[in-house]
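As stored in work_12.pdb (PDB, C-alpha atoms):
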ATOM      1  CA  MET A 987     -23.031  52.794  29.591
ATOM      2  CA  GLU A 988     -22.489  56.119  27.897
ATOM      3  CA  THR A 989     -21.625  59.212  29.886
ATOM      4  CA  PRO A 990     -22.426  62.795  28.849
ATOM      5  CA  VAL A 991     -18.731  63.462  28.101
ATOM      6  CA  PHE A 992     -18.423  60.349  25.932
ATOM      7  CA  SER A 993     -21.613  61.299  24.063
ATOM      8  CA  ARG A 994     -20.309  64.819  23.456
ATOM      9  CA  ILE A 995     -16.975  63.492  22.153
ATOM     10  CA  ALA A 996     -18.703  60.995  19.858
ATOM     11  CA  SER A 997     -21.001  63.747  18.534
ATOM     12  CA  LEU A 998     -18.075  66.125  17.997
ATOM     13  CA  LEU A 999     -16.097  63.496  16.060
ATOM     14  CA  THR A1000     -19.107  62.347  14.049
ATOM     15  CA  ALA A1001     -19.935  65.941  13.063
ATOM     16  CA  ALA A1002     -16.329  66.399  11.917
ATOM     17  CA  ASN A1003     -16.458  63.131   9.903
ATOM     18  CA  VAL A1004     -13.694  61.628  12.043
ATOM     19  CA  PRO A1005     -13.784  57.830  12.296
ATOM     20  CA  PHE A1006     -13.095  56.436  15.756
ATOM     21  CA  PHE A1007     -13.044  53.115  17.566
ATOM     22  CA  THR A1008     -13.984  52.444  21.200
ATOM     23  CA  LEU A1009     -12.815  49.710  23.514
ATOM     24  CA  ASP A1010     -14.409  48.806  26.846
ATOM     25  CA  HIS A1011     -11.988  47.443  29.457
ATOM     26  CA  GLU A1012     -11.415  47.106  33.174
ATOM     27  CA  PRO A1013     -10.977  50.401  35.067
ATOM     28  CA  THR A1014      -7.560  51.970  34.480
ATOM     29  CA  ARG A1015      -6.050  54.897  36.359
ATOM     30  CA  THR A1016      -2.545  55.109  34.915
ATOM     31  CA  SER A1017      -1.129  55.284  31.414
ATOM     32  CA  GLU A1018       0.614  51.955  31.969
ATOM     33  CA  GLU A1019      -2.630  50.252  33.007
ATOM     34  CA  SER A1020      -4.436  51.786  30.029
ATOM     35  CA  ALA A1021      -1.782  50.608  27.564
ATOM     36  CA  ARG A1022      -2.023  47.057  28.913
ATOM     37  CA  ALA A1023      -5.837  47.079  28.788
ATOM     38  CA  ARG A1024      -5.758  48.348  25.194
ATOM     39  CA  GLY A1025      -2.996  45.954  24.148
ATOM     40  CA  VAL A1026      -0.925  48.768  22.645
ATOM     41  CA  ASP A1027       2.395  50.492  23.233
ATOM     42  CA  ILE A1028       2.274  53.220  25.883
ATOM     43  CA  ARG A1029       3.577  55.761  23.342
ATOM     44  CA  LEU A1030       0.183  55.643  21.574
ATOM     45  CA  GLY A1031      -1.638  56.855  24.669
ATOM     46  CA  VAL A1032      -2.408  60.563  24.919
ATOM     47  CA  LYS A1033      -2.465  62.032  28.416
ATOM     48  CA  ALA A1034      -4.602  65.069  29.153
ATOM     49  CA  ILE A1035      -3.503  66.942  32.259
ATOM     50  CA  LEU A1036      -5.302  69.963  33.682
ATOM     51  CA  LEU A1037      -2.904  72.606  34.990
ATOM     52  CA  LYS A1038      -3.402  75.958  36.625
ATOM     53  CA  ALA A1039      -1.114  78.477  34.932
ATOM     54  CA  GLY A1040      -1.315  81.813  36.689
ATOM     55  CA  GLU A1041      -5.053  82.368  37.136
ATOM     56  CA  GLU A1042      -6.159  80.210  34.173
ATOM     57  CA  PHE A1043      -6.735  76.488  33.807
ATOM     58  CA  VAL A1044      -5.206  74.896  30.698
ATOM     59  CA  LEU A1045      -5.294  71.382  29.276
ATOM     60  CA  MET A1046      -1.943  69.896  28.302
ATOM     61  CA  CYS A1047      -2.042  66.806  26.037
ATOM     62  CA  PHE A1048       0.988  64.654  25.263
ATOM     63  CA  SER A1049       2.211  61.132  24.534
ATOM     64  CA  ALA A1050       1.925  58.964  27.645
ATOM     65  CA  ALA A1051       5.539  57.864  27.165
ATOM     66  CA  ARG A1052       6.768  61.403  27.894
ATOM     67  CA  LYS A1053       6.698  63.727  30.891
ATOM     68  CA  LEU A1054       6.060  67.424  31.325
ATOM     69  CA  SER A1055       9.105  69.695  31.289
ATOM     70  CA  THR A1056       8.758  72.558  33.770
ATOM     71  CA  PRO A1057      11.144  74.907  31.909
ATOM     72  CA  LYS A1058       9.354  74.283  28.601
ATOM     73  CA  LEU A1059       5.927  74.712  30.248
ATOM     74  CA  ARG A1060       6.996  78.058  31.688
ATOM     75  CA  THR A1061       8.017  79.211  28.221
ATOM     76  CA  VAL A1062       4.887  77.939  26.456
ATOM     77  CA  LEU A1063       2.479  79.184  29.131
ATOM     78  CA  GLN A1064       4.448  82.390  29.772
ATOM     79  CA  THR A1065       4.300  82.080  33.548
ATOM     80  CA  ARG A1066       6.364  80.614  36.357
ATOM     81  CA  ASP A1067       3.218  80.001  38.416
ATOM     82  CA  ILE A1068       2.177  76.502  37.249
ATOM     83  CA  ARG A1069       0.664  73.653  39.233
ATOM     84  CA  PHE A1070      -1.466  70.560  38.713
ATOM     85  CA  ALA A1071      -5.178  71.073  39.238
ATOM     86  CA  THR A1072      -6.515  69.411  42.365
ATOM     87  CA  LYS A1073      -9.033  66.570  42.124
ATOM     88  CA  GLU A1074     -11.685  69.026  43.267
ATOM     89  CA  GLU A1075     -10.731  71.606  40.621
ATOM     90  CA  LEU A1076     -10.695  68.911  37.931
ATOM     91  CA  LEU A1077     -14.149  67.755  38.970
ATOM     92  CA  GLU A1078     -15.425  71.352  39.049
ATOM     93  CA  LYS A1079     -14.030  72.239  35.602
ATOM     94  CA  THR A1080     -14.835  68.983  33.775
ATOM     95  CA  GLY A1081     -17.013  66.747  35.923
ATOM     96  CA  LEU A1082     -14.342  64.057  35.532
ATOM     97  CA  VAL A1083     -11.995  62.107  37.781
ATOM     98  CA  PRO A1084      -8.215  61.791  37.289
ATOM     99  CA  GLY A1085      -7.386  59.257  34.590
ATOM    100  CA  SER A1086     -10.605  59.769  32.637
ATOM    101  CA  VAL A1087      -9.857  63.161  31.095
ATOM    102  CA  PRO A1088      -9.820  62.994  27.281
ATOM    103  CA  PRO A1089      -7.665  65.317  25.174
ATOM    104  CA  LEU A1090     -10.833  66.835  23.706
ATOM    105  CA  THR A1091     -11.952  68.132  27.094
ATOM    106  CA  GLY A1092     -10.625  71.592  26.257
ATOM    107  CA  LYS A1093     -12.993  71.836  23.307
ATOM    108  CA  LEU A1094     -15.898  70.501  25.365
ATOM    109  CA  PHE A1095     -15.343  72.769  28.364
ATOM    110  CA  SER A1096     -13.794  75.854  26.729
ATOM    111  CA  LEU A1097     -10.342  75.312  28.211
ATOM    112  CA  GLN A1098      -7.278  76.535  26.377
ATOM    113  CA  THR A1099      -5.666  73.359  25.064
ATOM    114  CA  PHE A1100      -2.121  72.534  24.036
ATOM    115  CA  PHE A1101      -0.847  69.438  22.246
ATOM    116  CA  ASP A1102       2.794  68.504  22.552
ATOM    117  CA  ASP A1103       4.730  67.868  19.346
ATOM    118  CA  SER A1104       4.932  64.211  20.460
ATOM    119  CA  VAL A1105       1.255  63.722  19.566
ATOM    120  CA  THR A1106       1.731  65.016  16.023
ATOM    121  CA  GLN A1107       4.322  62.282  15.462
ATOM    122  CA  LEU A1108       1.833  59.496  16.223
ATOM    123  CA  ASP A1109      -0.282  57.696  13.652
ATOM    124  CA  ASP A1110      -3.012  56.540  16.034
ATOM    125  CA  ALA A1111      -3.916  58.114  19.372
ATOM    126  CA  TRP A1112      -5.600  56.280  22.264
ATOM    127  CA  PHE A1113      -7.176  57.931  25.306
ATOM    128  CA  ASN A1114      -9.739  57.359  28.044
ATOM    129  CA  CYS A1115     -12.886  59.102  26.908
ATOM    130  CA  GLY A1116     -14.581  60.475  29.974
ATOM    131  CA  MET A1117     -14.539  57.270  31.982
ATOM    132  CA  LEU A1118     -11.960  54.869  33.369
ATOM    133  CA  THR A1119     -13.488  51.865  31.573
ATOM    134  CA  ARG A1120     -13.610  53.017  27.943
ATOM    135  CA  SER A1121     -10.874  54.049  25.547
ATOM    136  CA  MET A1122     -11.096  55.649  22.152
ATOM    137  CA  ARG A1123      -8.741  55.398  19.182
ATOM    138  CA  LEU A1124      -8.532  57.747  16.227
ATOM    139  CA  LYS A1125      -5.913  59.185  13.935
ATOM    140  CA  ALA A1126      -3.665  61.553  15.864
ATOM    141  CA  ALA A1127      -3.850  64.131  13.062
ATOM    142  CA  ASP A1128      -7.662  64.118  13.342
ATOM    143  CA  LEU A1129      -7.444  64.511  17.123
ATOM    144  CA  VAL A1130      -5.194  67.556  16.860
ATOM    145  CA  ARG A1131      -7.275  69.085  14.060
ATOM    146  CA  VAL A1132     -10.631  68.653  15.802
ATOM    147  CA  SER A1133      -9.302  69.920  19.129
ATOM    148  CA  GLU A1134      -8.246  73.237  17.562
ATOM    149  CA  ALA A1135      -5.383  73.237  20.067
ATOM    150  CA  THR A1136      -2.055  75.023  20.036
ATOM    151  CA  VAL A1137       0.825  72.671  19.167
ATOM    152  CA  ALA A1138       4.044  73.297  21.099
ATOM    153  CA  ASP A1139       7.042  71.534  22.626
ATOM    154  CA  PHE A1140       6.540  71.113  26.383
ATOM    155  CA  THR A1141       7.626  67.557  27.233
ATOM    156  CA  GLU A1142      10.788  65.538  27.557
ATOM    157  CA  GLU A1143      11.669  61.871  27.470
ATOM    158  CA  THR A1144      11.206  59.913  30.645
ATOM    159  CA  SER A1145      14.204  58.151  32.135
ATOM    160  CA  ASP A1146      12.529  54.838  31.323
ATOM    161  CA  GLN A1147      11.512  54.695  27.652
ATOM    162  CA  ARG A1148      10.752  50.958  27.591
ATOM    163  CA  PRO A1149       7.410  50.322  25.922
ATOM    164  CA  VAL A1150       4.679  48.564  27.851
ATOM    165  CA  ASN A1151       4.192  45.195  26.222
ATOM    166  CA  ALA A1152       0.921  44.572  24.465
ATOM    167  CA  LYS A1153      -1.284  41.675  25.504
TER
END

Structure translated into structure tokens:
Amino acid sequence: METPVFSRIASLLTAANVPFFTLDHEPTRTSEESARARGVDIRLGVKAILLKAGEEFVLMCFSAARKLSTPKLRTVLQTRDIRFATKEELLEKTGLVPGSVPPLTGKLFSLQTFFDDSVTQLDDAWFNCGMLTRSMRLKAADLVRVSEATVADFTEETSDQRPVNAK
């Protein structure tokens, strides 16, 4: 079943001549679950997190093997007032539930979007594409280009950098 967000992403990528692949799987809510369902290393997953920075909502996209760095976020976003969007705010801004937000949501919903440097170092990028049961894969360089996002350094390594084993 296609959702409006998935259809908009597919149309955006098709119009930009960006090849992509989709994979249907069981519902996944975490990056670890998504990596297992896709049969790929967690580092290839791209998280998209909606934050409230000051009075604005921004979309922060980064490799699922990394975590947000508060000091770096404060520098990039030029504010100390940063918090995660609530489930209700996420639903209001995107119509999506946590875990289903694709990194192209900023383009689709006119949200300022940032990609961490970690994404530019990937060959392929995987992400949930507007639903918890479908993932999309495309070249990371195409993802960053089509998103028209700002690229910056706002993450750090997690304490546990072990990859999630593929199927």

Enclose range 1133-1141 of chain A, meaning all of its atoms listed in the file, in a box aligned along x, y and z, pad it by 4 Å on each side, and list the centre and edge lengths in Å to one decimal, as JSON.
{"center_x": -0.8, "center_y": 71.3, "center_z": 22.4, "size_x": 24.9, "size_y": 15.5, "size_z": 17.7}

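Taken over the whole file, the PyMOL selection byres ((chain A and resi 1031) around 6) covers exactly Ile1028, Arg1029, Leu1030, Val1032, Ser1049, Ala1050, Ala1111, Trp1112 and Phe1113 of chain A.
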
Write out as a Markdown table the residues of range 1052-1093 of chain A that have any atom within 12 Å of an atom of range 996-1000 of chain A, one row each with the nearest atom pair and its distance in Å to one decimal, counting all atoms listed in the file, sorted by chain and then rising number.
| residue | atom | partner | partner_atom | distance |
| --- | --- | --- | --- | --- |
| A:Pro1088 | CA | A:Ala996 | CA | 11.7 |
| A:Leu1090 | CA | A:Leu998 | CA | 9.2 |
| A:Thr1091 | CA | A:Leu998 | CA | 11.1 |
| A:Lys1093 | CA | A:Leu998 | CA | 9.3 |

Between A:Ile1035, A:Ile995, A:Ala1051, A:Val1087, smallest distance to Gly1116 in chain A by only C-alpha atoms belongs to A:Val1087

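Straight-line separation from CA of Arg1066 in chain A to CA of Ser1104 in chain A: 22.9 Å.
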
Using CA of Glu1041 in chain A and CA of Leu1077 in chain A as the two end points, give the distance in Å to one decimal.
->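 The value is 17.3 Å.
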